[in-house]
>>> print(open('final_18.cif').read())   # mmCIF, C-alpha atoms (C1' of nucleotides)
data_data
#
loop_
_atom_site.group_PDB
_atom_site.id
_atom_site.type_symbol
_atom_site.label_atom_id
_atom_site.label_comp_id
_atom_site.auth_asym_id
_atom_site.auth_seq_id
_atom_site.Cartn_x
_atom_site.Cartn_y
_atom_site.Cartn_z
ATOM 1 C CA MET A 1 -12.703 13.465 -1.320
ATOM 2 C CA LYS A 2 -10.494 12.448 1.541
ATOM 3 C CA TYR A 3 -10.398 8.704 0.987
ATOM 4 C CA ILE A 4 -10.918 8.473 -2.751
ATOM 5 C CA ASP A 5 -7.268 9.064 -3.532
ATOM 6 C CA LYS A 6 -6.139 6.770 -0.772
ATOM 7 C CA LEU A 7 -8.171 3.973 -2.295
ATOM 8 C CA ARG A 8 -7.238 4.737 -5.893
ATOM 9 C CA ASN A 9 -3.583 4.889 -5.042
ATOM 10 C CA SER A 10 -3.883 1.412 -3.551
ATOM 11 C CA GLY A 11 -5.547 0.023 -6.646
ATOM 12 C CA LEU A 12 -8.890 -0.242 -4.892
ATOM 13 C CA ARG A 13 -11.934 1.263 -6.526
ATOM 14 C CA PRO A 14 -13.488 3.914 -4.350
ATOM 15 C CA THR A 15 -16.928 2.436 -4.069
ATOM 16 C CA LYS A 16 -19.662 3.869 -1.888
ATOM 17 C CA GLN A 17 -19.302 1.002 0.573
ATOM 18 C CA ARG A 18 -15.542 1.328 0.900
ATOM 19 C CA LEU A 19 -15.770 5.069 1.417
ATOM 20 C CA GLN A 20 -18.375 4.571 4.116
ATOM 21 C CA ILE A 21 -16.229 1.987 5.826
ATOM 22 C CA CYS A 22 -13.269 4.373 5.597
ATOM 23 C CA GLU A 23 -15.323 6.977 7.419
ATOM 24 C CA VAL A 24 -16.096 4.592 10.239
ATOM 25 C CA LEU A 25 -12.565 3.250 10.480
ATOM 26 C CA PHE A 26 -10.345 6.235 9.849
ATOM 27 C CA ASN A 27 -12.317 9.441 10.374
ATOM 28 C CA THR A 28 -11.969 9.237 14.140
ATOM 29 C CA GLU A 29 -10.256 11.091 16.923
ATOM 30 C CA ARG A 30 -8.506 7.975 18.120
ATOM 31 C CA THR A 31 -7.513 4.647 16.675
ATOM 32 C CA PHE A 32 -9.420 1.646 17.957
ATOM 33 C CA HIS A 33 -9.639 -2.139 18.045
ATOM 34 C CA PHE A 34 -12.524 -4.091 16.635
ATOM 35 C CA THR A 35 -13.891 -7.434 15.583
ATOM 36 C CA ILE A 36 -15.906 -7.795 12.387
ATOM 37 C CA ASN A 37 -18.987 -8.142 14.536
ATOM 38 C CA GLU A 38 -18.335 -4.870 16.319
ATOM 39 C CA LEU A 39 -17.501 -3.116 13.073
ATOM 40 C CA GLU A 40 -20.768 -4.273 11.554
ATOM 41 C CA LYS A 41 -22.669 -2.709 14.479
ATOM 42 C CA LYS A 42 -20.673 0.522 14.205
ATOM 43 C CA ILE A 43 -21.450 0.757 10.502
ATOM 44 C CA LYS A 44 -25.146 0.163 11.113
ATOM 45 C CA ASP A 45 -25.192 2.950 13.693
ATOM 46 C CA LYS A 46 -23.280 5.446 11.598
ATOM 47 C CA ILE A 47 -24.923 5.048 8.200
ATOM 48 C CA ASP A 48 -28.505 4.459 7.133
ATOM 49 C CA SER A 49 -27.841 2.311 4.076
ATOM 50 C CA LYS A 50 -26.820 -1.280 4.650
ATOM 51 C CA ILE A 51 -23.538 -2.955 3.794
ATOM 52 C CA SER A 52 -23.451 -6.692 3.346
ATOM 53 C CA LEU A 53 -21.456 -8.689 5.850
ATOM 54 C CA ALA A 54 -19.475 -10.225 2.993
ATOM 55 C CA THR A 55 -18.456 -6.751 1.862
ATOM 56 C CA ILE A 56 -17.299 -5.874 5.336
ATOM 57 C CA TYR A 57 -15.107 -8.977 5.387
ATOM 58 C CA ASN A 58 -13.817 -8.259 1.886
ATOM 59 C CA THR A 59 -13.042 -4.658 2.688
ATOM 60 C CA VAL A 60 -11.347 -5.332 5.988
ATOM 61 C CA HIS A 61 -9.133 -7.920 4.350
ATOM 62 C CA ALA A 62 -8.360 -5.617 1.439
ATOM 63 C CA PHE A 63 -7.433 -2.821 3.843
ATOM 64 C CA GLU A 64 -5.319 -5.157 5.901
ATOM 65 C CA LYS A 65 -3.443 -6.318 2.827
ATOM 66 C CA LYS A 66 -2.769 -2.691 1.905
ATOM 67 C CA GLY A 67 -1.501 -1.973 5.385
ATOM 68 C CA TYR A 68 -4.356 0.237 6.561
ATOM 69 C CA LEU A 69 -5.335 -2.242 9.255
ATOM 70 C CA LYS A 70 -3.464 -4.736 11.374
ATOM 71 C CA GLN A 71 -4.593 -8.044 12.807
ATOM 72 C CA ILE A 72 -3.848 -8.471 16.473
ATOM 73 C CA PRO A 73 -2.831 -11.953 17.614
ATOM 74 C CA VAL A 74 -5.067 -12.988 20.480
ATOM 75 C CA ASN A 75 -6.697 -16.228 21.503
ATOM 76 C CA SER A 76 -10.292 -15.625 20.669
ATOM 77 C CA ASN A 77 -12.857 -17.150 18.379
ATOM 78 C CA GLN A 78 -13.043 -13.781 16.651
ATOM 79 C CA THR A 79 -10.329 -11.936 14.788
ATOM 80 C CA TYR A 80 -9.279 -8.604 16.243
ATOM 81 C CA PHE A 81 -8.162 -5.713 14.073
ATOM 82 C CA ASP A 82 -6.486 -2.431 14.895
ATOM 83 C CA THR A 83 -6.734 0.857 13.026
ATOM 84 C CA ASN A 84 -3.422 1.810 14.601
ATOM 85 C CA THR A 85 -0.884 0.274 12.241
ATOM 86 C CA THR A 86 2.205 1.644 13.952
ATOM 87 C CA ASN A 87 4.386 -0.743 15.925
ATOM 88 C CA HIS A 88 2.866 -1.061 19.347
ATOM 89 C CA HIS A 89 1.687 -3.674 21.780
ATOM 90 C CA HIS A 90 -1.403 -4.641 23.740
ATOM 91 C CA PHE A 91 -2.887 -5.539 27.020
ATOM 92 C CA TYR A 92 -5.630 -8.122 26.650
ATOM 93 C CA ASN A 93 -8.257 -8.167 29.357
ATOM 94 C CA LEU A 94 -9.269 -11.800 29.612
ATOM 95 C CA LYS A 95 -12.424 -10.924 31.543
ATOM 96 C CA ASP A 96 -14.146 -8.848 28.864
ATOM 97 C CA GLY A 97 -12.003 -9.516 25.781
ATOM 98 C CA LYS A 98 -11.037 -5.854 25.441
ATOM 99 C CA LEU A 99 -7.654 -4.651 24.230
ATOM 100 C CA ILE A 100 -5.699 -1.677 25.533
ATOM 101 C CA ASP A 101 -2.820 -0.077 23.651
ATOM 102 C CA LEU A 102 0.618 -0.186 25.172
ATOM 103 C CA GLU A 103 2.911 2.612 24.086
ATOM 104 C CA ASN A 104 6.342 1.534 23.018
ATOM 105 C CA SER A 105 7.710 3.600 25.858
ATOM 106 C CA ASP A 106 5.729 1.352 28.224
ATOM 107 C CA VAL A 107 7.497 -1.752 26.979
ATOM 108 C CA GLY A 108 10.902 -0.668 25.805
ATOM 109 C CA PRO A 109 12.633 -1.843 22.669
ATOM 110 C CA ILE A 110 12.499 -5.535 21.902
ATOM 111 C CA ASN A 111 15.600 -6.967 20.426
ATOM 112 C CA ILE A 112 15.288 -10.341 18.723
ATOM 113 C CA LYS A 113 18.785 -11.757 18.700
ATOM 114 C CA ARG A 114 18.065 -14.953 16.839
ATOM 115 C CA LYS A 115 17.708 -15.130 13.078
ATOM 116 C CA ILE A 116 15.957 -17.700 10.900
ATOM 117 C CA ASP A 117 17.659 -18.444 7.586
ATOM 118 C CA GLY A 118 15.849 -17.089 4.556
ATOM 119 C CA LYS A 119 13.197 -15.363 6.607
ATOM 120 C CA LYS A 120 12.745 -11.795 7.609
ATOM 121 C CA ILE A 121 10.810 -10.378 10.488
ATOM 122 C CA LYS A 122 7.492 -8.919 9.457
ATOM 123 C CA SER A 123 6.317 -7.847 12.885
ATOM 124 C CA ILE A 124 7.019 -8.174 16.574
ATOM 125 C CA GLU A 125 3.992 -8.168 18.798
ATOM 126 C CA VAL A 126 3.728 -8.360 22.546
ATOM 127 C CA LEU A 127 0.496 -9.445 24.169
ATOM 128 C CA VAL A 128 0.134 -8.939 27.898
ATOM 129 C CA LYS A 129 -2.775 -10.930 29.268
ATOM 130 C CA LEU A 130 -4.559 -9.415 32.252
ATOM 131 C CA GLU A 131 -6.559 -11.153 34.935
ATOM 132 C CA ASP A 132 -8.161 -9.992 38.189
ATOM 133 C CA MET B 1 2.240 -45.126 36.655
ATOM 134 C CA LYS B 2 3.957 -41.935 35.593
ATOM 135 C CA TYR B 3 0.922 -39.801 34.888
ATOM 136 C CA ILE B 4 -1.637 -41.308 37.263
ATOM 137 C CA ASP B 5 -0.442 -39.265 40.196
ATOM 138 C CA LYS B 6 -0.108 -36.140 38.116
ATOM 139 C CA LEU B 7 -3.745 -36.419 37.122
ATOM 140 C CA ARG B 8 -5.004 -37.434 40.552
ATOM 141 C CA ASN B 9 -3.172 -34.561 42.185
ATOM 142 C CA SER B 10 -4.935 -32.193 39.818
ATOM 143 C CA GLY B 11 -8.353 -33.596 40.616
ATOM 144 C CA LEU B 12 -8.592 -35.289 37.244
ATOM 145 C CA ARG B 13 -9.473 -38.948 37.103
ATOM 146 C CA PRO B 14 -6.750 -40.950 35.420
ATOM 147 C CA THR B 15 -8.858 -42.456 32.681
ATOM 148 C CA LYS B 16 -7.467 -44.586 29.900
ATOM 149 C CA GLN B 17 -7.967 -41.771 27.396
ATOM 150 C CA ARG B 18 -6.280 -39.116 29.510
ATOM 151 C CA LEU B 19 -3.311 -41.354 30.182
ATOM 152 C CA GLN B 20 -2.946 -42.059 26.496
ATOM 153 C CA ILE B 21 -3.101 -38.363 25.704
ATOM 154 C CA CYS B 22 -0.495 -37.742 28.404
ATOM 155 C CA GLU B 23 1.804 -40.188 26.673
ATOM 156 C CA VAL B 24 1.466 -38.359 23.389
ATOM 157 C CA LEU B 25 1.813 -34.899 24.901
ATOM 158 C CA PHE B 26 4.365 -35.321 27.647
ATOM 159 C CA ASN B 27 6.355 -38.496 27.104
ATOM 160 C CA THR B 28 8.564 -36.860 24.500
ATOM 161 C CA GLU B 29 12.155 -35.818 24.092
ATOM 162 C CA ARG B 30 11.164 -32.264 23.281
ATOM 163 C CA THR B 31 8.205 -30.023 23.871
ATOM 164 C CA PHE B 32 6.126 -29.175 20.832
ATOM 165 C CA HIS B 33 3.345 -27.033 19.405
ATOM 166 C CA PHE B 34 0.098 -28.440 18.085
ATOM 167 C CA THR B 35 -3.428 -27.753 16.945
ATOM 168 C CA ILE B 36 -6.252 -30.070 17.979
ATOM 169 C CA ASN B 37 -6.263 -31.395 14.441
ATOM 170 C CA GLU B 38 -2.587 -32.293 14.574
ATOM 171 C CA LEU B 39 -2.955 -33.814 18.010
ATOM 172 C CA GLU B 40 -5.801 -35.990 16.784
ATOM 173 C CA LYS B 41 -3.550 -37.364 14.033
ATOM 174 C CA LYS B 42 -0.678 -37.925 16.457
ATOM 175 C CA ILE B 43 -2.973 -39.864 18.774
ATOM 176 C CA LYS B 44 -4.277 -42.005 15.935
ATOM 177 C CA ASP B 45 -0.728 -42.870 14.910
ATOM 178 C CA LYS B 46 0.490 -43.673 18.390
ATOM 179 C CA ILE B 47 -2.383 -45.751 19.756
ATOM 180 C CA ASP B 48 -4.641 -48.352 18.192
ATOM 181 C CA SER B 49 -7.784 -47.600 20.157
ATOM 182 C CA LYS B 50 -9.746 -44.509 19.194
ATOM 183 C CA ILE B 51 -10.373 -41.401 21.236
ATOM 184 C CA SER B 52 -13.350 -39.241 20.417
ATOM 185 C CA LEU B 53 -12.633 -35.755 19.133
ATOM 186 C CA ALA B 54 -14.805 -34.329 21.919
ATOM 187 C CA THR B 55 -12.607 -36.050 24.481
ATOM 188 C CA ILE B 56 -9.502 -34.588 22.914
ATOM 189 C CA TYR B 57 -10.996 -31.123 23.192
ATOM 190 C CA ASN B 58 -12.127 -31.753 26.757
ATOM 191 C CA THR B 59 -8.762 -33.104 27.798
ATOM 192 C CA VAL B 60 -6.720 -30.371 26.188
ATOM 193 C CA HIS B 61 -8.851 -27.742 27.903
ATOM 194 C CA ALA B 62 -8.634 -29.542 31.212
ATOM 195 C CA PHE B 63 -4.854 -29.750 30.900
ATOM 196 C CA GLU B 64 -4.639 -26.108 29.929
ATOM 197 C CA LYS B 65 -6.697 -25.089 32.937
ATOM 198 C CA LYS B 66 -4.351 -27.074 35.166
ATOM 199 C CA GLY B 67 -1.342 -25.413 33.594
ATOM 200 C CA TYR B 68 0.031 -28.449 31.734
ATOM 201 C CA LEU B 69 -0.512 -26.769 28.379
ATOM 202 C CA LYS B 70 -0.464 -23.206 27.155
ATOM 203 C CA GLN B 71 -2.383 -21.562 24.371
ATOM 204 C CA ILE B 72 -0.275 -19.532 21.981
ATOM 205 C CA PRO B 73 -1.798 -16.328 20.648
ATOM 206 C CA VAL B 74 -1.592 -16.375 16.860
ATOM 207 C CA ASN B 75 -3.888 -15.280 14.069
ATOM 208 C CA SER B 76 -5.136 -18.551 12.733
ATOM 209 C CA ASN B 77 -8.478 -20.216 12.391
ATOM 210 C CA GLN B 78 -7.155 -22.985 14.629
ATOM 211 C CA THR B 79 -5.991 -22.734 18.218
ATOM 212 C CA TYR B 80 -2.335 -23.497 18.850
ATOM 213 C CA PHE B 81 -1.133 -25.137 22.029
ATOM 214 C CA ASP B 82 2.312 -25.616 23.509
ATOM 215 C CA THR B 83 3.519 -28.390 25.783
ATOM 216 C CA ASN B 84 6.258 -26.029 26.923
ATOM 217 C CA THR B 85 4.578 -24.048 29.683
ATOM 218 C CA THR B 86 7.611 -22.043 30.730
ATOM 219 C CA ASN B 87 7.779 -18.371 29.831
ATOM 220 C CA HIS B 88 9.085 -18.128 26.321
ATOM 221 C CA HIS B 89 8.226 -16.620 22.988
ATOM 222 C CA HIS B 90 7.674 -17.658 19.393
ATOM 223 C CA PHE B 91 8.496 -17.122 15.809
ATOM 224 C CA TYR B 92 5.460 -17.680 13.601
ATOM 225 C CA ASN B 93 6.181 -18.676 10.024
ATOM 226 C CA LEU B 94 3.338 -17.138 8.053
ATOM 227 C CA LYS B 95 4.086 -19.327 5.045
ATOM 228 C CA ASP B 96 3.426 -22.709 6.642
ATOM 229 C CA GLY B 97 1.820 -21.761 9.945
ATOM 230 C CA LYS B 98 4.592 -23.380 11.978
ATOM 231 C CA LEU B 99 5.863 -22.040 15.283
ATOM 232 C CA ILE B 100 9.469 -21.971 16.464
ATOM 233 C CA ASP B 101 10.464 -21.451 20.087
ATOM 234 C CA LEU B 102 12.450 -18.383 20.996
ATOM 235 C CA GLU B 103 14.592 -18.761 24.077
ATOM 236 C CA ASN B 104 14.305 -15.957 26.575
ATOM 237 C CA SER B 105 17.963 -15.253 25.979
ATOM 238 C CA ASP B 106 17.091 -14.560 22.341
ATOM 239 C CA VAL B 107 14.667 -11.825 23.292
ATOM 240 C CA GLY B 108 15.898 -10.372 26.535
ATOM 241 C CA PRO B 109 13.734 -9.449 29.490
ATOM 242 C CA ILE B 110 10.527 -7.579 28.764
ATOM 243 C CA ASN B 111 9.627 -4.922 31.238
ATOM 244 C CA ILE B 112 6.058 -3.690 31.180
ATOM 245 C CA LYS B 113 6.179 -0.288 32.814
ATOM 246 C CA ARG B 114 2.478 0.495 32.707
ATOM 247 C CA LYS B 115 -0.021 -0.903 35.183
ATOM 248 C CA ILE B 116 -3.768 -1.342 34.895
ATOM 249 C CA ASP B 117 -5.726 -0.735 38.095
ATOM 250 C CA GLY B 118 -7.152 -3.859 39.676
ATOM 251 C CA LYS B 119 -5.573 -6.152 37.130
ATOM 252 C CA LYS B 120 -2.525 -8.313 37.310
ATOM 253 C CA ILE B 121 -0.403 -9.629 34.511
ATOM 254 C CA LYS B 122 -1.057 -13.262 33.746
ATOM 255 C CA SER B 123 1.388 -13.654 30.902
ATOM 256 C CA ILE B 124 3.593 -11.732 28.524
ATOM 257 C CA GLU B 125 3.927 -13.225 25.088
ATOM 258 C CA VAL B 126 5.947 -12.068 22.133
ATOM 259 C CA LEU B 127 5.054 -13.244 18.649
ATOM 260 C CA VAL B 128 7.531 -12.586 15.865
ATOM 261 C CA LYS B 129 5.937 -13.054 12.477
ATOM 262 C CA LEU B 130 8.253 -14.285 9.718
ATOM 263 C CA GLU B 131 7.910 -13.809 5.984
ATOM 264 C CA ASP B 132 10.159 -14.610 3.040
ATOM 265 C "C1'" DA C 1 -21.784 -54.785 45.142
ATOM 266 C "C1'" DA C 2 -24.128 -50.363 44.995
ATOM 267 C "C1'" DT C 3 -23.966 -45.761 44.475
ATOM 268 C "C1'" DC C 4 -22.344 -41.416 42.949
ATOM 269 C "C1'" DA C 5 -19.839 -38.209 40.440
ATOM 270 C "C1'" DG C 6 -16.929 -37.564 36.755
ATOM 271 C "C1'" DT C 7 -15.891 -38.908 31.922
ATOM 272 C "C1'" DT C 8 -16.472 -40.427 27.234
ATOM 273 C "C1'" DT C 9 -18.901 -40.590 23.091
ATOM 274 C "C1'" DA C 10 -21.448 -39.780 18.698
ATOM 275 C "C1'" DT C 11 -23.918 -36.498 17.032
ATOM 276 C "C1'" DA C 12 -26.079 -32.104 16.632
ATOM 277 C "C1'" DA C 13 -25.709 -27.297 17.098
ATOM 278 C "C1'" DT C 14 -23.196 -23.008 16.955
ATOM 279 C "C1'" DG C 15 -20.903 -19.279 14.981
ATOM 280 C "C1'" DG C 16 -17.198 -16.941 12.625
ATOM 281 C "C1'" DT C 17 -15.474 -16.873 8.192
ATOM 282 C "C1'" DT C 18 -15.197 -17.953 3.247
ATOM 283 C "C1'" DC C 19 -17.285 -19.264 -1.148
ATOM 284 C "C1'" DT C 20 -20.485 -18.753 -5.039
ATOM 285 C "C1'" DA C 21 -22.412 -16.829 -8.832
ATOM 286 C "C1'" DA C 22 -25.458 -13.396 -10.273
ATOM 287 C "C1'" DA C 23 -26.417 -8.424 -10.245
ATOM 288 C "C1'" DC C 24 -24.235 -4.183 -10.212
ATOM 289 C "C1'" DA C 25 -20.953 -0.216 -10.521
ATOM 290 C "C1'" DA C 26 -16.583 1.908 -11.736
ATOM 291 C "C1'" DC C 27 -13.131 2.421 -15.177
ATOM 292 C "C1'" DT C 28 -11.265 2.519 -20.152
ATOM 293 C "C1'" DG C 29 -11.080 3.605 -24.859
ATOM 294 C "C1'" DT C 30 -13.438 5.146 -28.514
ATOM 295 C "C1'" DA D 1 -21.822 9.573 -23.934
ATOM 296 C "C1'" DC D 2 -21.529 4.585 -24.925
ATOM 297 C "C1'" DA D 3 -20.113 -0.157 -24.849
ATOM 298 C "C1'" DG D 4 -17.188 -3.329 -23.135
ATOM 299 C "C1'" DT D 5 -14.406 -4.906 -19.448
ATOM 300 C "C1'" DT D 6 -13.161 -5.709 -14.993
ATOM 301 C "C1'" DG D 7 -13.709 -5.172 -10.219
ATOM 302 C "C1'" DT D 8 -17.173 -5.105 -6.452
ATOM 303 C "C1'" DT D 9 -21.275 -6.110 -3.886
ATOM 304 C "C1'" DT D 10 -24.646 -9.137 -2.335
ATOM 305 C "C1'" DA D 11 -27.608 -12.876 -0.216
ATOM 306 C "C1'" DG D 12 -27.304 -17.054 0.816
ATOM 307 C "C1'" DA D 13 -24.988 -21.453 1.042
ATOM 308 C "C1'" DA D 14 -21.038 -23.892 2.475
ATOM 309 C "C1'" DC D 15 -17.247 -24.682 5.469
ATOM 310 C "C1'" DC D 16 -14.972 -25.976 9.515
ATOM 311 C "C1'" DA D 17 -13.237 -25.404 14.230
ATOM 312 C "C1'" DT D 18 -15.276 -25.636 18.410
ATOM 313 C "C1'" DT D 19 -18.915 -26.398 21.920
ATOM 314 C "C1'" DA D 20 -23.204 -28.415 23.631
ATOM 315 C "C1'" DT D 21 -26.122 -32.467 24.465
ATOM 316 C "C1'" DA D 22 -27.548 -36.303 26.706
ATOM 317 C "C1'" DA D 23 -27.031 -41.116 27.060
ATOM 318 C "C1'" DA D 24 -23.728 -44.786 28.121
ATOM 319 C "C1'" DC D 25 -19.856 -45.782 30.724
ATOM 320 C "C1'" DT D 26 -16.036 -45.869 34.295
ATOM 321 C "C1'" DG D 27 -13.499 -44.856 38.389
ATOM 322 C "C1'" DA D 28 -13.862 -43.825 43.180
ATOM 323 C "C1'" DT D 29 -16.139 -44.439 47.636
ATOM 324 C "C1'" DT D 30 -18.788 -46.748 50.992
#
>>> encode(input="final_18.cif", output="structure tokens")
Amino acid sequence: MKYIDKLRNSGLRPTKQRLQICEVLFNTERTFHFTINELEKKIKDKIDSKISLATIYNTVHAFEKKGYLKQIPVNSNQTYFDTNTTNHHHFYNLKDGKLIDLENSDVGPINIKRKIDGKKIKSIEVLVKLED
Amino acid sequence: MKYIDKLRNSGLRPTKQRLQICEVLFNTERTFHFTINELEKKIKDKIDSKISLATIYNTVHAFEKKGYLKQIPVNSNQTYFDTNTTNHHHFYNLKDGKLIDLENSDVGPINIKRKIDGKKIKSIEVLVKLED
DNA sequence: AATCAGTTTATAATGGTTCTAAACAACTGT
DNA sequence: ACAGTTGTTTAGAACCATTATAAACTGATT
């Protein structure tokens, strides 16, 4: 199957739950943003069996660690994730808490001129907050 | 006093607690980043009387609403604030959760070319995550 | 001084996330 | 195929930052 190898190659056992979550997360036309809460709802809608909330947390964190998901830094009580793991940035609509992708061509290259000794840059993320 | 007018002009009553918090936040050589937890400790160290945690939350939110503090978008279970409210960006050290200011000259101007109908840009924030 | 509105406070409630430990399922070697 | 091992799932409890509550208090106004 599609995701079994992906999981095995990452050292993750391809369990039924993980494969189902893969379907919801990655078998889509477009990438999307989600909170755990929203993902839980999506899973409930898409499959008839039930996956424990703890498993959803575990899986999302495992996938993030393997680089299949990215956390998006926003000020919210909930953590936002992105199935689009390429370098890109976001609008954040303060009114409804929704994120919108910004193409790199919409922002232009960002050049960090300063260096911190002994550290390397893991990611550069731009958040553009929107209000009415 | 120094902060009485500042508070009055913002429609905030200059209470003993707010003035004390002003001292801790604004009567400093340099601006700094903090979580509520860290601020609570700082207040305890600096003053002998005690300020309720609820008041610290209330005050920080009131100050943020008035533009005297800024929230910094990071992925953390705690909310980070900045006493530097000018436009600038941050390094985020994933190892210890500490923030480092990035001067605008270290990043260069960021030009958001895309517009969202009916929305205006409230802020543009760059977060550069650091790892070893 | 009296009144009113805003503020502080201790405490409870909330809610997202993590922990626990027992049941279960996938892998390994035979 | 089987047994043993290790990784995974699960429900529920625990955790902890934050917010709500509502009573006491304080600053401003008259």
>>> interface_residues(input="final_18.cif", of="chain B", to="chain C", cutoff="12 Å", atoms="only C-alpha atoms (C1' of nucleotides)", output="NGL selection string")
:B and (11-18 or 50-59 or 62 or 76-78)
>>> interface_residues(input="final_18.cif", of="chain B", to="chain A", cutoff="10 Å", atoms="only C-alpha atoms", output="PDB file with C-alpha atoms, in the frame of the given file")
ATOM      1  CA  GLN B  71      -2.383 -21.562  24.371  1.00  0.00           C
ATOM      2  CA  ILE B  72      -0.275 -19.532  21.981  1.00  0.00           C
ATOM      3  CA  PRO B  73      -1.798 -16.328  20.648  1.00  0.00           C
ATOM      4  CA  VAL B  74      -1.592 -16.375  16.860  1.00  0.00           C
ATOM      5  CA  ASN B  75      -3.888 -15.280  14.069  1.00  0.00           C
ATOM      6  CA  SER B  76      -5.136 -18.551  12.733  1.00  0.00           C
ATOM      7  CA  ASN B  77      -8.478 -20.216  12.391  1.00  0.00           C
ATOM      8  CA  GLN B  78      -7.155 -22.985  14.629  1.00  0.00           C
ATOM      9  CA  THR B  79      -5.991 -22.734  18.218  1.00  0.00           C
ATOM     10  CA  TYR B  80      -2.335 -23.497  18.850  1.00  0.00           C
ATOM     11  CA  HIS B  89       8.226 -16.620  22.988  1.00  0.00           C
ATOM     12  CA  HIS B  90       7.674 -17.658  19.393  1.00  0.00           C
ATOM     13  CA  PHE B  91       8.496 -17.122  15.809  1.00  0.00           C
ATOM     14  CA  TYR B  92       5.460 -17.680  13.601  1.00  0.00           C
ATOM     15  CA  ASN B  93       6.181 -18.676  10.024  1.00  0.00           C
ATOM     16  CA  LEU B  94       3.338 -17.138   8.053  1.00  0.00           C
ATOM     17  CA  ILE B 100       9.469 -21.971  16.464  1.00  0.00           C
ATOM     18  CA  LEU B 102      12.450 -18.383  20.996  1.00  0.00           C
ATOM     19  CA  GLU B 103      14.592 -18.761  24.077  1.00  0.00           C
ATOM     20  CA  ASN B 104      14.305 -15.957  26.575  1.00  0.00           C
ATOM     21  CA  SER B 105      17.963 -15.253  25.979  1.00  0.00           C
ATOM     22  CA  ASP B 106      17.091 -14.560  22.341  1.00  0.00           C
ATOM     23  CA  VAL B 107      14.667 -11.825  23.292  1.00  0.00           C
ATOM     24  CA  GLY B 108      15.898 -10.372  26.535  1.00  0.00           C
ATOM     25  CA  PRO B 109      13.734  -9.449  29.490  1.00  0.00           C
ATOM     26  CA  ILE B 110      10.527  -7.579  28.764  1.00  0.00           C
ATOM     27  CA  ASN B 111       9.627  -4.922  31.238  1.00  0.00           C
ATOM     28  CA  ILE B 112       6.058  -3.690  31.180  1.00  0.00           C
ATOM     29  CA  LYS B 113       6.179  -0.288  32.814  1.00  0.00           C
ATOM     30  CA  ARG B 114       2.478   0.495  32.707  1.00  0.00           C
ATOM     31  CA  LYS B 115      -0.021  -0.903  35.183  1.00  0.00           C
ATOM     32  CA  ILE B 116      -3.768  -1.342  34.895  1.00  0.00           C
ATOM     33  CA  ASP B 117      -5.726  -0.735  38.095  1.00  0.00           C
ATOM     34  CA  GLY B 118      -7.152  -3.859  39.676  1.00  0.00           C
ATOM     35  CA  LYS B 119      -5.573  -6.152  37.130  1.00  0.00           C
ATOM     36  CA  LYS B 120      -2.525  -8.313  37.310  1.00  0.00           C
ATOM     37  CA  ILE B 121      -0.403  -9.629  34.511  1.00  0.00           C
ATOM     38  CA  LYS B 122      -1.057 -13.262  33.746  1.00  0.00           C
ATOM     39  CA  SER B 123       1.388 -13.654  30.902  1.00  0.00           C
ATOM     40  CA  ILE B 124       3.593 -11.732  28.524  1.00  0.00           C
ATOM     41  CA  GLU B 125       3.927 -13.225  25.088  1.00  0.00           C
ATOM     42  CA  VAL B 126       5.947 -12.068  22.133  1.00  0.00           C
ATOM     43  CA  LEU B 127       5.054 -13.244  18.649  1.00  0.00           C
ATOM     44  CA  VAL B 128       7.531 -12.586  15.865  1.00  0.00           C
ATOM     45  CA  LYS B 129       5.937 -13.054  12.477  1.00  0.00           C
ATOM     46  CA  LEU B 130       8.253 -14.285   9.718  1.00  0.00           C
ATOM     47  CA  GLU B 131       7.910 -13.809   5.984  1.00  0.00           C
ATOM     48  CA  ASP B 132      10.159 -14.610   3.040  1.00  0.00           C
TER      49      ASP B 132
END
>>> atom_distance(input="final_18.cif", atom1="atom C1' of DA28 of chain D", atom2="atom CA of Gln20 of chain B")
20.0 Å
>>> interface_residues(input="final_18.cif", of="chain D", to="chain B", cutoff="10 Å", atoms="only C-alpha atoms (C1' of nucleotides)", output="PyMOL selection string")
chain D and resi 16-19+26-28
>>> resolve_selection(input="final_18.cif", expression="the PyMOL selection byres ((chain A and resi 84) around 8)", output="list in words")
Thr31, Phe32, Leu69, Lys70, Asp82, Thr83, Thr85 and Thr86 of chain A
>>> atom_distance(input="final_18.cif", atom1="atom CA of Glu40 of chain A", atom2="atom CA of Leu19 of chain A")
14.7 Å
>>> atom_distance(input="final_18.cif", atom1="atom CA of Lys41 of chain A", atom2="atom CA of Glu29 of chain A")
18.7 Å
